[in-house]
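Enquirer: Pasting a structure here, questions to come.
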Amino acid sequence: MLYAGISWTASGFEVAVVDGNGRGDRPAVRFAADRSKEIASYLKGLGGPVTTVVDSTNGMLDGGFMAAGLDMYRADPEILPPRPDFGSVPAAELARAAWRDPASVVRLVIESGSLTGRLDEHHAAMESSAEALAALTATGHSLEHGDRTRNQIALTFDDGPHPPYTGRILDVLESYGVPATFFCVGLNAGARGEDLKRMVEQGHGIGNHTWSHPYLPDLSTTELADQLNRTGDVIAAAAGTTPAFFRPPYGSRTPTVLRSLVNLGTRLALWDVDTEDWAMPGPEVIAQTVLRQANPGSIVLMHDGGGDRSQTVAALPAVIEGLLARGLEFVRVEDLMTLSTETR
């Protein structure tokens with residue numbers, strides 16, 4: 001049995017492998033942020049079963065890797081050493097955590113992804129935040145949907161930019177002449193600046209989706225600020241625009257997290273239509289989910305990164321045509337906020 005840990009850094013990912021005796025018999029390997037398929041190929045090429053471990057601050061890889069047939073696990077903070085100032089626990093430490101006690105790491109399943117085993121905790125945290133979130137919504141600092149009396153709708157795509165899916169989604173949007181909003185992960189944005197430039201040229205909105213797609217309640221206040229600020233800086237450098245909105249990964253929040261976000265001056269963009277395209281239910285299911293749940297003012301959640309998004313690409317024409325047939329106008333998330341503010 002081999003144990004592999006995957007850590008993230010300011011520039012990409014590192015993979016370290018230890019054997020059944022806890023020894024690392026090969027040097028750690030570094031990969032650029034947009035080379036996730038190469039990481040998966042490397043792990044599959046090791047031969048034999050590989051327990052692959054990430055921590056809760058790295059939510060970008062597990063879905064695609066599970067779809068590729070890899071066994072993915074999450075190591076939680078209580079069994080790990082402290083994280084560095086910016087980055088996850090080192091890859092070798094992640095691998096050794098699983099080697100020392102295989103029962104201490106959580107095997108992930110594609111249906112619940114990075115939050116496997118923590119969904120009850122996640123839902124309880126969101127419920128405890130309902131009052132604080134409502135106050136932010138009332139003051140224009142958070143948006144789950146726009147004005148229901150206006151025939152506008154916003155398509156949003158999370159976790160990119162990531163080849164080839166972001167480019168294919170941009171192609172479809174361009175062919176229909178409709179705008180969308182892309183909530184970008186900092187690691188990916190830094191590696192795919194050309195995609196961000198194209199988003200701006202086509203009139204799309206760009207939002208902040210953290211640097212490494214972490215579970216926010218596990219971050220310190222400083223870590224949360226670094227995740228947002230570094231991502232904002234990368235987006236501004238590549239696209240020449242500052243993100244107007246922040247979308248928390250998984251929609252994760254607690255009252256403490258929301259207070260920190262307010263102190264950072266962020267505006268939250270959530271959603272009221274979740275396609276669950278990350279579970280790869282099929283293009284027809286994705287399209288029907290949107291067409292069944294969407295209303296005027298809706299914000300639709302889809303993904304252009306974080307795994308195989310070919311089904312999302314395939315579903316997009318039916319989504320656009322079905323919503324256009326209802327007389328809905330496609331706008332960016334910031335346009336929904338403007339309209340919602342004007343009508344209060």
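Following the order of the structure tokens, first chain is A, next is B, and so on, with residues numbered from 1 inside each chain and ligands from 1 in the order they appear.
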Would you tabulate, counting only C-alpha atoms, all residues of segment 108-221 of chain A that have an atom at most 10 Å from an atom of segment 54-63 of chain A, showing the closest pair of atoms and their distance in Å to one decimal, sorted by chain then ascending number, as a tab-separated table?

Expert:
```
residue	atom	partner	partner_atom	distance
A:Leu108	CA	A:Asp62	CA	7.8
A:Val109	CA	A:Gly63	CA	8.4
A:Ile110	CA	A:Gly63	CA	6.0
A:Glu111	CA	A:Gly63	CA	9.1
A:Ser112	CA	A:Gly63	CA	9.3
A:Gly113	CA	A:Gly63	CA	6.2
A:Ser114	CA	A:Gly59	CA	5.9
A:Leu115	CA	A:Ser56	CA	8.4
A:Asp159	CA	A:Met60	CA	7.2
A:Gly160	CA	A:Met60	CA	9.3
A:Val185	CA	A:Met60	CA	8.7
A:Leu187	CA	A:Met60	CA	9.7
A:Asn188	CA	A:Met60	CA	9.6
A:Trp211	CA	A:Asn58	CA	9.2
A:Ser212	CA	A:Asn58	CA	5.5
A:His213	CA	A:Gly59	CA	4.9
A:Pro214	CA	A:Thr57	CA	3.7
A:Tyr215	CA	A:Ser56	CA	5.9
A:Leu216	CA	A:Thr57	CA	8.0
A:Pro217	CA	A:Ser56	CA	9.8
A:Asp218	CA	A:Ser56	CA	7.4
A:Leu219	CA	A:Thr57	CA	7.9
```

Enquirer: Quick one: residues within 12 Å of segment 66-70 of chain A, only C-alpha atoms, excluding same-chain residues fewer than 6 positions away - as a PyMOL selection string?

Expert: chain A and resi 3-4+36-53+60+107-114+278-280+306-309

Enquirer: Where does segment 157-184 of chain A meet segment 146-153 of chain A within 12 Å, residue by residue, with the nearest atom pair and distance in Å to one decimal for each, counting only C-alpha atoms, listed by chain and rising number, as a tab-separated table?

Expert:
```
residue	atom	partner	partner_atom	distance
A:Val178	CA	A:Ile153	CA	10.7
A:Pro179	CA	A:Ile153	CA	10.1
A:Ala180	CA	A:Ile153	CA	9.4
A:Thr181	CA	A:Ile153	CA	11.1
```

Enquirer: Please, which residues of segment 164-327 of chain A, numbered as in this document, come out alpha helix (DSSP H) from DSSP, as a count of residues only?

Expert: 82

Enquirer: Would you kindly return, as a PDB file with N, CA, C and O atoms, in the first residue's frame, each protein, DNA or RNA residue with an atom no farther than 10 Å from any atom of Pro84 of chain A, considering only C-alpha atoms and excluding same-chain residues fewer than 4 positions away?

Expert:
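Saved file selection29.pdb follows:
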```pdb
ATOM      1  N   THR A   9       0.214  25.196  -2.512  1.00  0.00           N
ATOM      2  CA  THR A   9       1.109  26.283  -2.148  1.00  0.00           C
ATOM      3  C   THR A   9       0.645  27.539  -2.887  1.00  0.00           C
ATOM      4  O   THR A   9      -0.398  27.539  -3.545  1.00  0.00           O
ATOM      5  N   SER A  88      -1.285  24.579   2.574  1.00  0.00           N
ATOM      6  CA  SER A  88      -1.823  23.488   3.380  1.00  0.00           C
ATOM      7  C   SER A  88      -0.692  22.809   4.139  1.00  0.00           C
ATOM      8  O   SER A  88       0.486  23.136   3.983  1.00  0.00           O
ATOM      9  N   VAL A  89      -1.064  21.857   4.974  1.00  0.00           N
ATOM     10  CA  VAL A  89      -0.069  21.024   5.635  1.00  0.00           C
ATOM     11  C   VAL A  89       0.790  20.359   4.555  1.00  0.00           C
ATOM     12  O   VAL A  89       0.278  19.948   3.506  1.00  0.00           O
ATOM     13  N   PRO A  90       2.110  20.268   4.747  1.00  0.00           N
ATOM     14  CA  PRO A  90       2.968  19.675   3.711  1.00  0.00           C
ATOM     15  C   PRO A  90       2.495  18.299   3.261  1.00  0.00           C
ATOM     16  O   PRO A  90       1.919  17.523   4.038  1.00  0.00           O
ATOM     17  N   GLU A 223      -6.034  33.539   7.802  1.00  0.00           N
ATOM     18  CA  GLU A 223      -6.062  32.661   6.641  1.00  0.00           C
ATOM     19  C   GLU A 223      -7.198  33.033   5.701  1.00  0.00           C
ATOM     20  O   GLU A 223      -7.030  33.031   4.474  1.00  0.00           O
TER      21      GLU A 223
END
```

Enquirer: Using only C-alpha atoms for the distances, tell me which of A:Leu136, A:Leu324, A:Ala315, A:Ala124 is nearest to Gly265 of chain A.

Expert: A:Leu136

Enquirer: Choose the residue, out of A:Cys184, A:Met72, A:Thr275, A:Ile299, that has the smallest atom-to-atom separation from Val331 of chain A; count only C-alpha atoms.

Expert: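 The answer is A:Ile299, which sits nearest to Val331 of chain A.
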
Enquirer: Name the residues of segment 18-202 of chain A that come out as strand (DSSP E) in a backbone DSSP run; write them as a ChimeraX atom specification.

Expert: /A:18,29-32,50-55,71-75,106-107,142-143,152-158,181-184

Enquirer: If we count only C-alpha atoms, what is near Ala97 of chain A at a cut-off of 12 Å, once residues fewer than 3 positions away on the same chain are taken out, given as a ChimeraX atom specification?

Expert: /A:3-5,17-18,22,51-55,73-81,89-94,100-106

Enquirer: Go ahead and write the selection's residues with N, CA and C atoms as an mmCIF file, in the first residue's frame.

Expert:
```cif
data_model
loop_
_atom_site.group_PDB
_atom_site.id
_atom_site.type_symbol
_atom_site.label_atom_id
_atom_site.label_comp_id
_atom_site.auth_asym_id
_atom_site.auth_seq_id
_atom_site.Cartn_x
_atom_site.Cartn_y
_atom_site.Cartn_z
ATOM 1 N N TYR A 3 0.836 5.613 0.239
ATOM 2 C CA TYR A 3 0.084 6.744 0.769
ATOM 3 C C TYR A 3 0.627 8.006 0.122
ATOM 4 N N ALA A 4 -0.266 8.757 -0.499
ATOM 5 C CA ALA A 4 0.144 9.982 -1.185
ATOM 6 C C ALA A 4 -0.566 11.175 -0.563
ATOM 7 N N GLY A 5 0.177 12.226 -0.299
ATOM 8 C CA GLY A 5 -0.410 13.469 0.173
ATOM 9 C C GLY A 5 -0.295 14.526 -0.905
ATOM 10 N N VAL A 17 4.882 10.838 -1.564
ATOM 11 C CA VAL A 17 4.426 9.450 -1.434
ATOM 12 C C VAL A 17 5.271 8.742 -0.384
ATOM 13 N N VAL A 18 4.614 7.980 0.501
ATOM 14 C CA VAL A 18 5.323 7.115 1.440
ATOM 15 C C VAL A 18 4.820 5.693 1.266
ATOM 16 N N GLY A 22 6.071 3.792 5.999
ATOM 17 C CA GLY A 22 6.136 5.212 6.317
ATOM 18 C C GLY A 22 7.336 5.932 5.748
ATOM 19 N N THR A 51 -3.621 5.356 -1.307
ATOM 20 C CA THR A 51 -4.484 6.177 -0.471
ATOM 21 C C THR A 51 -4.034 7.628 -0.660
ATOM 22 N N THR A 52 -4.867 8.433 -1.300
ATOM 23 C CA THR A 52 -4.493 9.807 -1.638
ATOM 24 C C THR A 52 -5.207 10.767 -0.699
ATOM 25 N N VAL A 53 -4.438 11.646 -0.044
ATOM 26 C CA VAL A 53 -4.960 12.450 1.054
ATOM 27 C C VAL A 53 -4.803 13.939 0.761
ATOM 28 N N VAL A 54 -5.880 14.680 0.986
ATOM 29 C CA VAL A 54 -5.841 16.138 0.986
ATOM 30 C C VAL A 54 -6.334 16.603 2.354
ATOM 31 N N ASP A 55 -6.219 17.907 2.621
ATOM 32 C CA ASP A 55 -6.802 18.423 3.855
ATOM 33 C C ASP A 55 -8.000 19.298 3.527
ATOM 34 N N TYR A 73 -9.071 10.713 0.216
ATOM 35 C CA TYR A 73 -9.328 10.822 1.640
ATOM 36 C C TYR A 73 -9.061 12.260 2.097
ATOM 37 N N ARG A 74 -9.709 12.628 3.194
ATOM 38 C CA ARG A 74 -9.488 13.951 3.796
ATOM 39 C C ARG A 74 -8.947 13.771 5.204
ATOM 40 N N ALA A 75 -7.867 14.497 5.508
ATOM 41 C CA ALA A 75 -7.330 14.548 6.865
ATOM 42 C C ALA A 75 -7.767 15.858 7.496
ATOM 43 N N ASP A 76 -8.394 15.792 8.660
ATOM 44 C CA ASP A 76 -8.927 16.989 9.309
ATOM 45 C C ASP A 76 -7.906 17.601 10.262
ATOM 46 N N PRO A 77 -8.095 18.869 10.627
ATOM 47 C CA PRO A 77 -7.062 19.608 11.384
ATOM 48 C C PRO A 77 -6.613 18.938 12.674
ATOM 49 N N GLU A 78 -7.519 18.244 13.368
ATOM 50 C CA GLU A 78 -7.167 17.697 14.679
ATOM 51 C C GLU A 78 -6.108 16.608 14.620
ATOM 52 N N ILE A 79 -5.866 16.015 13.458
ATOM 53 C CA ILE A 79 -4.828 14.971 13.360
ATOM 54 C C ILE A 79 -3.590 15.474 12.621
ATOM 55 N N LEU A 80 -3.541 16.757 12.326
ATOM 56 C CA LEU A 80 -2.455 17.313 11.526
ATOM 57 C C LEU A 80 -1.672 18.360 12.302
ATOM 58 N N PRO A 81 -0.413 18.578 11.921
ATOM 59 C CA PRO A 81 0.342 19.685 12.518
ATOM 60 C C PRO A 81 -0.196 21.021 12.021
ATOM 61 N N VAL A 89 -1.064 21.857 4.974
ATOM 62 C CA VAL A 89 -0.069 21.024 5.635
ATOM 63 C C VAL A 89 0.790 20.359 4.555
ATOM 64 N N PRO A 90 2.110 20.268 4.747
ATOM 65 C CA PRO A 90 2.968 19.675 3.711
ATOM 66 C C PRO A 90 2.495 18.299 3.261
ATOM 67 N N ALA A 91 2.735 18.008 1.998
ATOM 68 C CA ALA A 91 2.245 16.768 1.389
ATOM 69 C C ALA A 91 2.709 15.529 2.137
ATOM 70 N N ALA A 92 3.979 15.519 2.570
ATOM 71 C CA ALA A 92 4.490 14.338 3.267
ATOM 72 C C ALA A 92 3.759 14.113 4.585
ATOM 73 N N GLU A 93 3.381 15.201 5.276
ATOM 74 C CA GLU A 93 2.643 15.066 6.531
ATOM 75 C C GLU A 93 1.248 14.494 6.292
ATOM 76 N N LEU A 94 0.631 14.897 5.186
ATOM 77 C CA LEU A 94 -0.678 14.346 4.847
ATOM 78 C C LEU A 94 -0.582 12.850 4.578
ATOM 79 N N ARG A 100 0.025 6.490 9.490
ATOM 80 C CA ARG A 100 0.035 6.233 10.927
ATOM 81 C C ARG A 100 -1.281 5.644 11.404
ATOM 82 N N ASP A 101 -2.374 6.160 10.897
ATOM 83 C CA ASP A 101 -3.690 5.705 11.363
ATOM 84 C C ASP A 101 -4.691 5.813 10.212
ATOM 85 N N PRO A 102 -4.789 4.768 9.401
ATOM 86 C CA PRO A 102 -5.704 4.826 8.253
ATOM 87 C C PRO A 102 -7.148 5.141 8.643
ATOM 88 N N ALA A 103 -7.561 4.771 9.846
ATOM 89 C CA ALA A 103 -8.938 5.028 10.266
ATOM 90 C C ALA A 103 -9.180 6.498 10.603
ATOM 91 N N SER A 104 -8.122 7.290 10.718
ATOM 92 C CA SER A 104 -8.282 8.692 11.114
ATOM 93 C C SER A 104 -8.601 9.603 9.942
ATOM 94 N N VAL A 105 -8.424 9.106 8.714
ATOM 95 C CA VAL A 105 -8.738 9.919 7.542
ATOM 96 C C VAL A 105 -10.075 9.458 6.974
ATOM 97 N N VAL A 106 -10.793 10.390 6.370
ATOM 98 C CA VAL A 106 -12.156 10.135 5.903
ATOM 99 C C VAL A 106 -12.145 9.830 4.415
#
```

Enquirer: Rank nothing, just name the residue among A:Leu291, A:Leu119, A:Ala10, A:Val172 nearest to Leu328 of chain A, using only C-alpha atoms.

Expert: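 Among the listed residues, A:Leu291 lies closest to Leu328 of chain A.
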